[in-house]
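What follows is my_file_22.txt (compact mmCIF, C-alpha atoms).
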# COMPACT_ATOMS: atom_id res chain seq x y z
CA MET A 1 120.86 25.16 50.81
CA THR A 2 122.75 24.42 47.60
CA ILE A 3 125.12 26.88 45.98
CA LEU A 4 122.67 27.33 43.09
CA THR A 5 119.80 28.37 45.38
CA PHE A 6 122.08 30.65 47.39
CA THR A 7 123.36 32.31 44.20
CA LEU A 8 119.87 32.91 42.79
CA ILE A 9 118.47 34.36 46.04
CA LEU A 10 121.55 36.53 46.47
CA LEU A 11 121.27 37.69 42.85
CA ALA A 12 117.67 38.78 43.45
CA GLY A 13 118.63 40.46 46.75
CA ALA A 14 121.57 42.29 45.16
CA TYR A 15 119.27 43.44 42.34
CA LEU A 16 116.93 44.98 44.91
CA ALA A 17 119.91 46.50 46.73
CA GLY A 18 121.09 48.11 43.50
CA LEU A 19 117.58 49.40 42.80
CA VAL A 20 117.11 50.88 46.30
CA GLY A 21 120.65 52.27 46.27
CA SER A 22 120.06 54.00 42.96
CA LEU A 23 116.59 55.38 43.83
CA THR A 24 117.73 56.76 47.20
CA GLY A 25 121.08 57.93 45.90
CA LEU A 26 122.86 55.94 48.61
CA GLY A 27 124.59 53.55 46.21
CA GLY A 28 124.23 49.79 46.03
CA GLY A 29 127.22 48.98 48.22
CA VAL A 30 125.65 50.41 51.35
CA VAL A 31 122.58 48.20 50.98
CA VAL A 32 124.60 45.07 50.18
CA ILE A 33 126.31 44.89 53.60
CA PRO A 34 123.13 44.56 55.72
CA LEU A 35 121.67 42.22 53.08
CA LEU A 36 124.63 39.85 53.35
CA THR A 37 125.14 40.05 57.11
CA LEU A 38 121.56 40.26 58.42
CA VAL A 39 119.73 38.16 55.83
CA PHE A 40 122.38 35.68 54.69
CA ASN A 41 124.36 35.53 57.91
CA VAL A 42 127.63 36.12 56.01
CA ASP A 43 130.71 37.32 57.93
CA ILE A 44 130.96 41.11 57.68
CA ARG A 45 134.45 40.88 56.16
CA TYR A 46 133.17 39.00 53.11
CA ALA A 47 130.29 41.50 52.98
CA ILE A 48 132.73 44.44 52.94
CA GLY A 49 134.71 42.86 50.11
CA ALA A 50 131.58 42.33 48.01
CA ALA A 51 130.23 45.82 48.80
CA LEU A 52 133.45 47.48 47.60
CA LEU A 53 133.12 45.70 44.26
CA ALA A 54 129.47 46.74 44.03
CA SER A 55 130.52 50.36 44.71
CA ILE A 56 133.16 50.31 41.97
CA ALA A 57 130.74 48.80 39.44
CA ASN A 58 128.00 51.25 40.37
CA SER A 59 130.25 54.30 40.30
CA SER A 60 131.97 53.47 37.01
CA GLY A 61 128.68 52.63 35.31
CA ALA A 62 126.94 55.84 36.37
CA ALA A 63 130.01 58.08 36.01
CA SER A 64 130.45 57.12 32.36
CA ALA A 65 127.09 58.76 31.60
CA TYR A 66 127.63 61.89 33.75
CA VAL A 67 131.13 62.52 32.38
CA LYS A 68 129.76 62.45 28.84
CA GLU A 69 127.15 65.05 29.78
CA GLY A 70 129.95 67.30 31.07
CA ILE A 71 128.49 67.78 34.58
CA THR A 72 131.35 66.11 36.46
CA ASN A 73 134.22 68.39 37.53
CA ILE A 74 137.16 66.11 36.70
CA ARG A 75 139.87 68.42 38.12
CA LEU A 76 138.02 68.76 41.41
CA GLY A 77 137.52 64.98 41.53
CA MET A 78 141.19 64.35 40.79
CA PHE A 79 142.40 66.79 43.45
CA LEU A 80 140.08 65.43 46.13
CA GLU A 81 141.00 61.86 45.23
CA ILE A 82 144.37 62.51 46.87
CA ALA A 83 142.45 62.85 50.14
CA THR A 84 140.05 59.95 49.61
CA THR A 85 142.65 57.41 48.41
CA VAL A 86 145.07 58.20 51.26
CA GLY A 87 142.10 57.94 53.63
CA ALA A 88 140.95 54.66 52.06
CA VAL A 89 144.38 53.07 52.52
CA ILE A 90 144.45 54.19 56.17
CA GLY A 91 140.93 52.81 56.62
CA ALA A 92 141.87 49.44 55.11
CA VAL A 93 144.82 49.21 57.53
CA LEU A 94 142.67 50.25 60.52
CA ALA A 95 140.11 47.57 59.58
CA VAL A 96 142.52 44.83 60.69
CA TYR A 97 142.64 46.24 64.22
CA THR A 98 138.95 47.05 64.53
CA PRO A 99 136.62 44.39 66.01
CA THR A 100 133.84 43.36 63.59
CA ASN A 101 131.14 44.39 66.08
CA THR A 102 132.58 47.91 66.23
CA ILE A 103 132.57 48.02 62.43
CA ALA A 104 128.89 47.00 62.43
CA ILE A 105 127.94 49.74 64.92
CA LEU A 106 129.92 52.36 63.00
CA PHE A 107 128.26 51.18 59.81
CA GLY A 108 124.82 51.67 61.40
CA CYS A 109 125.73 55.26 62.36
CA ILE A 110 126.93 56.09 58.84
CA LEU A 111 123.78 54.54 57.38
CA LEU A 112 121.60 56.78 59.59
CA PHE A 113 123.64 59.82 58.63
CA SER A 114 123.41 58.95 54.92
CA ALA A 115 119.64 58.52 55.10
CA ALA A 116 119.33 61.94 56.75
CA MET A 117 121.57 63.48 54.08
CA THR A 118 119.43 62.25 51.19
CA ILE A 119 116.31 64.06 52.45
CA ARG A 120 117.92 67.36 53.50
CA LYS A 121 117.74 70.65 51.61
CA LYS A 122 120.13 70.80 48.71
CA ASN A 123 122.47 73.55 47.58
CA GLN A 124 121.35 74.91 44.20
CA VAL A 125 123.01 78.32 44.32
CA ALA A 126 126.26 78.80 42.46
CA LEU A 127 128.87 81.06 44.11
CA THR A 128 130.14 83.93 41.98
CA GLU A 129 133.23 84.62 44.08
CA GLY A 130 135.76 81.83 44.66
CA SER A 131 138.67 81.60 47.08
CA LYS A 132 142.31 82.05 46.03
CA THR A 133 143.06 78.35 46.49
CA SER A 134 140.20 77.38 44.22
CA GLN A 135 141.61 79.67 41.51
CA PHE A 136 145.13 78.35 41.94
CA LEU A 137 143.92 74.76 41.65
CA LYS A 138 141.60 75.62 38.73
CA LEU A 139 138.64 74.07 40.54
CA ASN A 140 136.02 76.60 39.40
CA GLY A 141 133.95 75.50 36.45
CA SER A 142 130.60 75.44 34.74
CA TYR A 143 127.96 72.83 34.09
CA PRO A 144 125.19 72.49 31.51
CA THR A 145 121.56 73.11 32.52
CA ALA A 146 118.33 73.50 30.55
CA ASP A 147 118.95 77.30 30.50
CA GLY A 148 122.52 77.07 29.23
CA PRO A 149 125.81 76.64 31.09
CA VAL A 150 126.00 77.90 34.70
CA GLU A 151 129.33 79.13 36.08
CA TYR A 152 130.19 78.24 39.67
CA LYS A 153 133.06 78.99 42.00
CA LEU A 154 134.01 77.38 45.28
CA LYS A 155 135.59 78.12 48.64
CA ASN A 156 136.77 76.36 51.83
CA VAL A 157 138.96 74.01 49.80
CA GLY A 158 141.03 73.02 52.85
CA ALA A 159 137.99 72.10 54.96
CA GLY A 160 136.49 70.13 52.07
CA PHE A 161 139.78 68.28 51.59
CA SER A 162 139.83 67.32 55.30
CA ILE A 163 136.26 65.98 55.25
CA MET A 164 137.21 64.01 52.13
CA THR A 165 140.04 62.34 54.05
CA VAL A 166 137.53 61.23 56.71
CA ALA A 167 135.20 60.01 53.95
CA GLY A 168 138.10 57.99 52.55
CA VAL A 169 138.94 56.43 55.93
CA LEU A 170 135.31 55.38 56.45
CA SER A 171 135.15 54.05 52.92
CA GLY A 172 138.23 51.88 53.48
CA LEU A 173 137.08 50.76 56.92
CA LEU A 174 133.46 49.94 56.08
CA GLY A 175 133.70 49.06 52.40
CA ILE A 176 131.22 51.68 51.28
CA GLY A 177 131.46 54.58 48.85
CA SER A 178 130.55 57.08 51.64
CA GLY A 179 128.91 59.24 49.00
CA ALA A 180 126.93 61.09 51.68
CA LEU A 181 130.10 62.45 53.31
CA LYS A 182 131.59 63.31 49.95
CA VAL A 183 128.51 65.32 49.04
CA LEU A 184 128.60 66.99 52.47
CA ALA A 185 132.17 68.11 51.82
CA MET A 186 131.45 69.50 48.38
CA ASP A 187 127.87 70.68 48.73
CA SER A 188 127.72 72.18 52.23
CA THR A 189 131.38 73.07 52.77
CA MET A 190 132.74 74.06 49.39
CA HIS A 191 129.37 75.42 48.15
CA ILE A 192 129.29 73.48 44.90
CA PRO A 193 125.88 73.16 43.20
CA PHE A 194 124.16 69.92 44.07
CA LYS A 195 124.22 68.42 40.59
CA VAL A 196 127.98 68.88 40.25
CA SER A 197 128.72 67.59 43.76
CA THR A 198 126.66 64.40 43.40
CA THR A 199 128.10 63.49 40.01
CA THR A 200 131.67 64.34 41.02
CA SER A 201 131.23 62.33 44.24
CA ASN A 202 129.99 59.41 42.18
CA PHE A 203 132.98 59.77 39.86
CA MET A 204 135.37 59.60 42.84
CA ILE A 205 133.76 56.60 44.55
CA GLY A 206 135.23 54.13 42.04
CA VAL A 207 138.81 55.27 42.66
CA THR A 208 138.34 55.50 46.43
CA ALA A 209 136.84 52.01 46.59
CA ALA A 210 139.57 50.60 44.32
CA ALA A 211 142.28 51.97 46.65
CA SER A 212 141.05 49.78 49.51
CA ALA A 213 139.71 46.98 47.28
CA VAL A 214 143.23 45.97 46.22
CA VAL A 215 144.16 45.58 49.90
CA TYR A 216 141.02 43.56 50.67
CA LEU A 217 141.50 41.36 47.61
CA GLN A 218 144.99 40.42 48.79
CA ARG A 219 143.66 39.83 52.29
CA GLY A 220 141.18 37.26 50.99
CA TYR A 221 138.00 39.22 51.80
CA MET A 222 136.68 38.79 48.27
CA ASP A 223 134.94 35.48 47.78
CA PRO A 224 134.28 34.72 44.08
CA ALA A 225 131.06 32.86 44.88
CA ILE A 226 129.66 35.95 46.68
CA ALA A 227 131.19 38.52 44.32
CA PHE A 228 129.59 36.96 41.25
CA PRO A 229 125.88 37.39 42.16
CA VAL A 230 126.50 40.65 44.07
CA VAL A 231 128.29 42.50 41.25
CA LEU A 232 125.85 41.41 38.54
CA GLY A 233 122.76 41.91 40.72
CA VAL A 234 123.71 45.39 41.94
CA LEU A 235 124.64 46.52 38.40
CA GLY A 236 121.31 45.27 37.04
CA GLY A 237 119.38 46.95 39.86
CA ALA A 238 121.23 50.24 39.42
CA PHE A 239 120.53 50.15 35.69
CA THR A 240 116.80 49.64 36.28
CA GLY A 241 116.87 52.36 38.95
CA ALA A 242 118.45 54.87 36.57
CA LYS A 243 115.73 54.14 33.98
CA LEU A 244 112.96 54.47 36.59
CA LEU A 245 114.39 57.78 37.86
CA LYS A 246 113.85 59.33 34.44
CA ARG A 247 110.15 58.48 34.50
CA LEU A 248 109.03 59.00 38.08
CA ASP A 249 109.62 61.51 40.83
CA PRO A 250 111.56 59.62 43.46
CA LYS A 251 110.56 61.91 46.34
CA VAL A 252 107.93 59.65 47.94
CA LEU A 253 109.97 56.53 47.25
CA ARG A 254 112.99 58.20 48.82
CA TYR A 255 111.10 58.79 52.09
CA ILE A 256 109.83 55.21 52.20
CA PHE A 257 113.28 53.76 51.55
CA CYS A 258 114.92 56.10 54.04
CA ALA A 259 112.53 54.84 56.72
CA ALA A 260 113.50 51.28 55.78
CA ILE A 261 117.19 52.21 55.91
CA VAL A 262 116.75 53.64 59.44
CA PHE A 263 115.28 50.30 60.50
CA VAL A 264 118.18 48.38 58.93
CA ALA A 265 120.71 50.70 60.60
CA ALA A 266 119.11 50.12 64.00
CA GLU A 267 119.25 46.36 63.41
CA MET A 268 122.96 46.53 62.51
CA MET A 269 123.76 48.57 65.62
CA TYR A 270 121.67 46.33 67.88
CA ASN A 271 123.41 43.20 66.58
CA GLY A 272 126.76 44.94 66.97
CA PHE A 273 126.08 45.72 70.60
CA GLN A 274 124.89 42.14 71.13
CA HIS A 275 128.22 40.91 69.65
CA LYS A 276 126.54 38.94 66.92
CA PHE A 277 129.13 39.68 64.23
CA MET B 1 143.78 83.92 22.60
CA ASN B 2 140.18 83.06 21.94
CA THR B 3 141.00 80.25 19.53
CA ASN B 4 143.62 79.03 21.94
CA ASN B 5 141.00 78.75 24.68
CA LYS B 6 138.67 76.94 22.36
CA THR B 7 141.15 74.23 21.38
CA LYS B 8 142.03 73.77 25.03
CA SER B 9 138.45 73.14 26.08
CA LEU B 10 138.02 70.88 23.06
CA GLY B 11 140.92 68.78 24.36
CA ASP B 12 139.26 68.63 27.78
CA ARG B 13 136.03 67.44 26.19
CA ASP B 14 137.79 64.72 24.19
CA ILE B 15 139.39 63.35 27.32
CA GLU B 16 136.02 63.43 29.08
CA LEU B 17 134.45 61.37 26.30
CA LEU B 18 137.36 58.93 26.35
CA VAL B 19 137.12 58.59 30.15
CA GLY B 20 133.39 57.90 29.84
CA ARG B 21 133.99 55.23 27.21
CA LEU B 22 136.81 53.63 29.20
CA LEU B 23 134.65 53.35 32.34
CA ARG B 24 131.77 51.85 30.43
CA THR B 25 133.97 49.36 28.55
CA GLY B 26 135.71 48.34 31.78
CA VAL B 27 132.48 47.64 33.65
CA ILE B 28 130.91 45.74 30.74
CA THR B 29 134.07 43.64 30.19
CA ALA B 30 134.36 42.84 33.91
CA SER B 31 130.67 41.88 34.13
CA CYS B 32 130.93 39.56 31.12
CA ILE B 33 134.00 37.79 32.57
CA VAL B 34 132.30 37.46 35.98
CA LEU B 35 129.13 36.14 34.32
CA LEU B 36 131.05 33.53 32.28
CA GLY B 37 133.03 32.39 35.31
CA GLY B 38 129.86 32.38 37.42
CA ILE B 39 127.92 30.18 35.00
CA TRP B 40 130.88 27.79 34.76
CA PHE B 41 131.07 27.76 38.57
CA LEU B 42 127.36 26.94 38.91
CA ILE B 43 127.59 24.15 36.32
CA GLN B 44 130.42 22.56 38.30
CA HIS B 45 129.37 23.24 41.88
CA GLY B 46 125.72 24.37 41.75
CA SER B 47 124.34 21.32 43.54
CA ALA B 48 126.94 21.33 46.32
CA PRO B 49 125.90 22.71 49.74
CA ILE B 50 127.07 26.28 50.48
CA PRO B 51 130.21 26.64 52.58
CA SER B 52 129.88 28.38 55.92
CA TYR B 53 130.29 32.07 55.16
CA HIS B 54 129.49 32.87 58.76
CA HIS B 55 133.04 31.92 59.72
CA PHE B 56 135.66 34.00 58.01
CA ALA B 57 138.41 31.85 56.57
CA GLY B 58 139.75 34.07 53.80
CA GLU B 59 140.57 33.01 50.27
CA ASP B 60 143.70 31.07 49.37
CA ALA B 61 146.58 32.41 47.31
CA ASN B 62 145.02 31.20 44.03
CA TYR B 63 142.39 33.92 44.39
CA THR B 64 144.27 36.67 46.18
CA THR B 65 147.47 37.25 44.21
CA PHE B 66 147.92 38.51 40.67
CA GLY B 67 149.92 35.43 39.65
CA GLY B 68 147.50 33.05 41.35
CA ILE B 69 144.44 34.57 39.70
CA ILE B 70 146.06 34.60 36.25
CA SER B 71 147.21 30.99 36.45
CA SER B 72 143.86 29.73 37.76
CA THR B 73 142.13 31.63 34.96
CA PHE B 74 144.30 29.87 32.38
CA GLN B 75 143.45 26.53 34.00
CA PHE B 76 139.76 27.38 33.42
CA ASN B 77 139.17 27.32 37.13
CA ALA B 78 135.69 28.89 37.53
CA LYS B 79 136.50 30.83 40.72
CA GLY B 80 139.73 32.02 39.12
CA ILE B 81 137.80 33.40 36.13
CA ILE B 82 135.38 35.28 38.43
CA GLN B 83 138.33 36.68 40.35
CA PHE B 84 139.93 37.75 37.07
CA GLY B 85 136.74 39.71 36.30
CA VAL B 86 136.98 41.23 39.77
CA MET B 87 140.54 42.35 38.95
CA VAL B 88 139.38 43.96 35.70
CA LEU B 89 136.66 45.77 37.66
CA ILE B 90 139.16 47.11 40.22
CA ALA B 91 141.59 48.08 37.45
CA THR B 92 138.97 50.16 35.62
CA PRO B 93 139.14 53.27 37.87
CA VAL B 94 142.94 52.93 38.03
CA LEU B 95 143.13 52.99 34.22
CA ARG B 96 140.86 56.02 34.31
CA ILE B 97 143.47 57.85 36.43
CA ALA B 98 146.21 56.85 34.00
CA LEU B 99 144.13 58.16 31.10
CA SER B 100 143.57 61.46 32.93
CA LEU B 101 147.32 61.72 33.53
CA PHE B 102 147.88 61.35 29.79
CA GLY B 103 145.19 63.96 29.10
CA PHE B 104 146.64 66.54 31.52
CA GLY B 105 150.06 65.88 30.00
CA LEU B 106 148.73 66.62 26.50
CA GLU B 107 147.28 69.89 27.79
CA LYS B 108 150.59 70.65 29.53
CA ASP B 109 148.67 71.22 32.75
CA TRP B 110 151.66 70.39 34.93
CA LEU B 111 149.88 71.10 38.23
CA TYR B 112 147.36 68.38 37.44
CA VAL B 113 150.02 66.06 36.09
CA VAL B 114 151.57 66.23 39.58
CA ILE B 115 148.22 65.80 41.37
CA THR B 116 147.26 62.82 39.19
CA THR B 117 150.70 61.24 39.69
CA ILE B 118 150.22 61.47 43.47
CA VAL B 119 146.87 59.65 43.23
CA LEU B 120 148.42 56.97 40.99
CA GLY B 121 151.28 56.66 43.49
CA VAL B 122 148.84 56.06 46.36
CA MET B 123 147.08 53.36 44.31
CA LEU B 124 150.42 51.74 43.51
CA PHE B 125 151.46 51.82 47.15
CA SER B 126 148.14 50.26 48.15
CA THR B 127 148.66 47.47 45.58
CA ILE B 128 152.26 46.51 46.26
CA GLY B 129 152.82 48.11 49.66
CA GLY B 130 152.35 44.84 51.55
CA LEU B 131 149.34 46.15 53.47
CA LYS B 132 147.51 42.84 53.47
CA VAL B 133 148.79 42.10 57.02

Translate this structure into structure tokens?
Amino acid sequence: MTILTFTLILLAGAYLAGLVGSLTGLGGGVVVIPLLTLVFNVDIRYAIGAALLASIANSSGAASAYVKEGITNIRLGMFLEIATTVGAVIGAVLAVYTPTNTIAILFGCILLFSAAMTIRKKNQVALTEGSKTSQFLKLNGSYPTADGPVEYKLKNVGAGFSIMTVAGVLSGLLGIGSGALKVLAMDSTMHIPFKVSTTTSNFMIGVTAAASAVVYLQRGYMDPAIAFPVVLGVLGGAFTGAKLLKRLDPKVLRYIFCAAIVFVAAEMMYNGFQHKF
Amino acid sequence: MNTNNKTKSLGDRDIELLVGRLLRTGVITASCIVLLGGIWFLIQHGSAPIPSYHHFAGEDANYTTFGGIISSTFQFNAKGIIQFGVMVLIATPVLRIALSLFGFGLEKDWLYVVITTIVLGVMLFSTIGGLKV
């Protein structure tokens, strides 16, 4: 295969990854890793490097829109980024000592967990009573809805912060945004309304991914020839996905894609156990 | 008191809009640089066979260090230009933190000035902390 053919096929694949990632809410980075390793037989370390870049592009592109709408809780994001960036740096260091097959198996587990998270029941109720820590840190806020602004308060800040650290470690280790864990921390633990937790999670993914991306860049995990089609393809796919989401109800699509993701996760884990990475 | 609150939230909103614009500009700029470098790369090497990505070799210093990437960009090295775009992409969220720091400073929200400085410190440590092993 020539470089031109490889680039064009990868561009198309990354476009699909961005589309699926945006329609399922998983993010393009998560879909890029199995695409590169299982379909293109690329070493998982190059795949992680490319996926981190896809996550940053995806997050920054989407966050710019959400921030303008005023849904994102910037203070909350900033505070929790202490946890995710420290975690991401730890994860990037751990990655050196973790065998690639173990990384593949772990990746499969996280993929399964993320697929389950996207189809679970979501927290819509806003708390009226917040904890003392949340007041001290000025984390309580409001967000615009069709019926005017809704005030929300939050609790269990410490527990949320701890889960965020784990999310950061996994993000640095596997090269993904680990949006599912971030939403779990905010949505289920800190009781933040779903819309705020997803957009704030998205906002944080760029910074979290950048914290480990600088380490991976210096380590030589980022190949320009792979980064080029992956970044452009995923961005294009995510853009199309965002447009499609406005016009159609993604519920059925989400179930179909989640089934596909389960299959991909199983494949990753199987190959990991067979020491194919 | 009321007016005071209003100006404060107005300041918050301005920073939000600026952050949104910064993120968008960063991603678009990075994509354009990557696209230019990519096209140049395909013109030069498009017909060559693909290297073996199945065996991890890592990139050489021209594409992994700040100095290396800058100098290969100025030599119009296609891979160097792509990598420069990659650097712009990674720098975008970091610049966003710096902008937030500035915003919290303007609002005299010292608690968040400290929190934001910690996050910036972690990013800085990750960049120059010699973690590449």

#### Entry: Residue nearest B:Ile118 - candidates B:Leu101, B:Ala61, B:Ile43, B:Ile50, atoms counted: all atoms listed in the file
B:Leu101

### Query
atom CA of A:Leu76 and atom CA of A:Ala88, how far apart in Å?
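Result for atom CA of A:Ala88 versus atom CA of A:Leu76: 17.9 Å, one decimal.
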
Can you work out which residues from chain B touch chain A at a cut-off of 6 Å (counting all atoms listed in the file) and hand them back as an mmCIF file with C-alpha atoms, in the coordinates of the input?
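Once everything was written out, this is part.cif:
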data_model
loop_
_atom_site.group_PDB
_atom_site.id
_atom_site.type_symbol
_atom_site.label_atom_id
_atom_site.label_comp_id
_atom_site.auth_asym_id
_atom_site.auth_seq_id
_atom_site.Cartn_x
_atom_site.Cartn_y
_atom_site.Cartn_z
ATOM 1 C CA GLU B 16 136.020 63.430 29.080
ATOM 2 C CA LEU B 17 134.450 61.370 26.300
ATOM 3 C CA GLY B 20 133.390 57.900 29.840
ATOM 4 C CA LEU B 23 134.650 53.350 32.340
ATOM 5 C CA ARG B 24 131.770 51.850 30.430
ATOM 6 C CA VAL B 34 132.300 37.460 35.980
ATOM 7 C CA GLY B 38 129.860 32.380 37.420
ATOM 8 C CA GLY B 46 125.720 24.370 41.750
ATOM 9 C CA SER B 47 124.340 21.320 43.540
ATOM 10 C CA ALA B 48 126.940 21.330 46.320
ATOM 11 C CA PRO B 49 125.900 22.710 49.740
ATOM 12 C CA ILE B 50 127.070 26.280 50.480
ATOM 13 C CA TYR B 53 130.290 32.070 55.160
ATOM 14 C CA HIS B 54 129.490 32.870 58.760
ATOM 15 C CA PHE B 56 135.660 34.000 58.010
ATOM 16 C CA GLY B 58 139.750 34.070 53.800
ATOM 17 C CA GLU B 59 140.570 33.010 50.270
ATOM 18 C CA THR B 64 144.270 36.670 46.180
ATOM 19 C CA LYS B 79 136.500 30.830 40.720
ATOM 20 C CA ILE B 82 135.380 35.280 38.430
ATOM 21 C CA GLN B 83 138.330 36.680 40.350
ATOM 22 C CA ILE B 90 139.160 47.110 40.220
ATOM 23 C CA PRO B 93 139.140 53.270 37.870
ATOM 24 C CA VAL B 119 146.870 59.650 43.230
ATOM 25 C CA MET B 123 147.080 53.360 44.310
ATOM 26 C CA THR B 127 148.660 47.470 45.580
ATOM 27 C CA LYS B 132 147.510 42.840 53.470
#

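Here atom CA of A:Lys243 and atom CA of A:Val196 stand 20.2 Å from one another.
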
Polymer residues at most 7 Å from stretch 176-193 of chain A, only C-alpha atoms, same-chain spacing of 3 or more positions, as a PDB file with C-alpha atoms, in the frame of the given file:
ATOM      1  CA  LEU A  26     122.860  55.940  48.610  1.00  0.00           C
ATOM      2  CA  GLY A  29     127.220  48.980  48.220  1.00  0.00           C
ATOM      3  CA  VAL A  30     125.650  50.410  51.350  1.00  0.00           C
ATOM      4  CA  ALA A  51     130.230  45.820  48.800  1.00  0.00           C
ATOM      5  CA  LEU A  52     133.450  47.480  47.600  1.00  0.00           C
ATOM      6  CA  SER A  55     130.520  50.360  44.710  1.00  0.00           C
ATOM      7  CA  SER A 114     123.410  58.950  54.920  1.00  0.00           C
ATOM      8  CA  MET A 117     121.570  63.480  54.080  1.00  0.00           C
ATOM      9  CA  ASN A 123     122.470  73.550  47.580  1.00  0.00           C
ATOM     10  CA  GLN A 124     121.350  74.910  44.200  1.00  0.00           C
ATOM     11  CA  VAL A 125     123.010  78.320  44.320  1.00  0.00           C
ATOM     12  CA  ALA A 126     126.260  78.800  42.460  1.00  0.00           C
ATOM     13  CA  LEU A 127     128.870  81.060  44.110  1.00  0.00           C
ATOM     14  CA  LEU A 154     134.010  77.380  45.280  1.00  0.00           C
ATOM     15  CA  LYS A 155     135.590  78.120  48.640  1.00  0.00           C
ATOM     16  CA  ASN A 156     136.770  76.360  51.830  1.00  0.00           C
ATOM     17  CA  VAL A 157     138.960  74.010  49.800  1.00  0.00           C
ATOM     18  CA  GLY A 160     136.490  70.130  52.070  1.00  0.00           C
ATOM     19  CA  ILE A 163     136.260  65.980  55.250  1.00  0.00           C
ATOM     20  CA  MET A 164     137.210  64.010  52.130  1.00  0.00           C
ATOM     21  CA  ALA A 167     135.200  60.010  53.950  1.00  0.00           C
ATOM     22  CA  LEU A 170     135.310  55.380  56.450  1.00  0.00           C
ATOM     23  CA  SER A 171     135.150  54.050  52.920  1.00  0.00           C
ATOM     24  CA  VAL A 196     127.980  68.880  40.250  1.00  0.00           C
ATOM     25  CA  SER A 197     128.720  67.590  43.760  1.00  0.00           C
ATOM     26  CA  THR A 198     126.660  64.400  43.400  1.00  0.00           C
ATOM     27  CA  SER A 201     131.230  62.330  44.240  1.00  0.00           C
ATOM     28  CA  ASN A 202     129.990  59.410  42.180  1.00  0.00           C
ATOM     29  CA  ILE A 205     133.760  56.600  44.550  1.00  0.00           C
ATOM     30  CA  ALA A 209     136.840  52.010  46.590  1.00  0.00           C
TER      31      ALA A 209
END

### Task
Report the distance between atom CA of B:Leu89 and atom CA of A:Ala115 in Å, rounded to one decimal place.
27.5 Å

### Task
Select, from A:Ala95, A:Leu174, A:Val31, A:Val230, the residue with the minimum atom-to-atom distance to B:Leu35, counting all atoms listed in the file.
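Counting all atoms listed in the file, the residue closest to B:Leu35 is A:Val230.
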
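Distances to A:Lys121 were evaluated for A:Phe194, A:Tyr152, A:Phe107, A:Phe161 using all atoms listed in the file, and the minimum falls at A:Phe194.
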
Is it possible to add N, CA and C atoms to stretch 235-247 of chain A and hand it back as a PDB file, in the coordinates of the input?
ATOM      1  N   LEU A 235     124.560  45.793  39.682  1.00  0.00           N
ATOM      2  CA  LEU A 235     124.640  46.520  38.400  1.00  0.00           C
ATOM      3  C   LEU A 235     123.280  46.535  37.701  1.00  0.00           C
ATOM      4  N   GLY A 236     122.626  45.366  37.673  1.00  0.00           N
ATOM      5  CA  GLY A 236     121.310  45.270  37.040  1.00  0.00           C
ATOM      6  C   GLY A 236     120.298  46.164  37.748  1.00  0.00           C
ATOM      7  N   GLY A 237     120.309  46.135  39.074  1.00  0.00           N
ATOM      8  CA  GLY A 237     119.380  46.950  39.860  1.00  0.00           C
ATOM      9  C   GLY A 237     119.624  48.430  39.640  1.00  0.00           C
ATOM     10  N   ALA A 238     120.895  48.834  39.611  1.00  0.00           N
ATOM     11  CA  ALA A 238     121.230  50.240  39.420  1.00  0.00           C
ATOM     12  C   ALA A 238     120.790  50.712  38.034  1.00  0.00           C
ATOM     13  N   PHE A 239     120.929  49.823  37.057  1.00  0.00           N
ATOM     14  CA  PHE A 239     120.530  50.150  35.690  1.00  0.00           C
ATOM     15  C   PHE A 239     119.021  50.393  35.619  1.00  0.00           C
ATOM     16  N   THR A 240     118.251  49.470  36.229  1.00  0.00           N
ATOM     17  CA  THR A 240     116.800  49.640  36.280  1.00  0.00           C
ATOM     18  C   THR A 240     116.441  50.927  37.027  1.00  0.00           C
ATOM     19  N   GLY A 241     117.132  51.168  38.146  1.00  0.00           N
ATOM     20  CA  GLY A 241     116.870  52.360  38.950  1.00  0.00           C
ATOM     21  C   GLY A 241     117.061  53.628  38.145  1.00  0.00           C
ATOM     22  N   ALA A 242     118.153  53.676  37.371  1.00  0.00           N
ATOM     23  CA  ALA A 242     118.450  54.870  36.570  1.00  0.00           C
ATOM     24  C   ALA A 242     117.350  55.104  35.540  1.00  0.00           C
ATOM     25  N   LYS A 243     116.818  54.006  34.969  1.00  0.00           N
ATOM     26  CA  LYS A 243     115.730  54.140  33.980  1.00  0.00           C
ATOM     27  C   LYS A 243     114.459  54.640  34.655  1.00  0.00           C
ATOM     28  N   LEU A 244     114.168  54.077  35.862  1.00  0.00           N
ATOM     29  CA  LEU A 244     112.960  54.470  36.590  1.00  0.00           C
ATOM     30  C   LEU A 244     113.023  55.939  36.992  1.00  0.00           C
ATOM     31  N   LEU A 245     114.220  56.403  37.389  1.00  0.00           N
ATOM     32  CA  LEU A 245     114.390  57.780  37.860  1.00  0.00           C
ATOM     33  C   LEU A 245     114.002  58.793  36.789  1.00  0.00           C
ATOM     34  N   LYS A 246     114.181  58.407  35.516  1.00  0.00           N
ATOM     35  CA  LYS A 246     113.850  59.330  34.440  1.00  0.00           C
ATOM     36  C   LYS A 246     112.343  59.489  34.313  1.00  0.00           C
ATOM     37  N   ARG A 247     111.590  58.460  34.731  1.00  0.00           N
ATOM     38  CA  ARG A 247     110.150  58.480  34.500  1.00  0.00           C
ATOM     39  C   ARG A 247     109.340  58.905  35.711  1.00  0.00           C
TER      40      ARG A 247
END
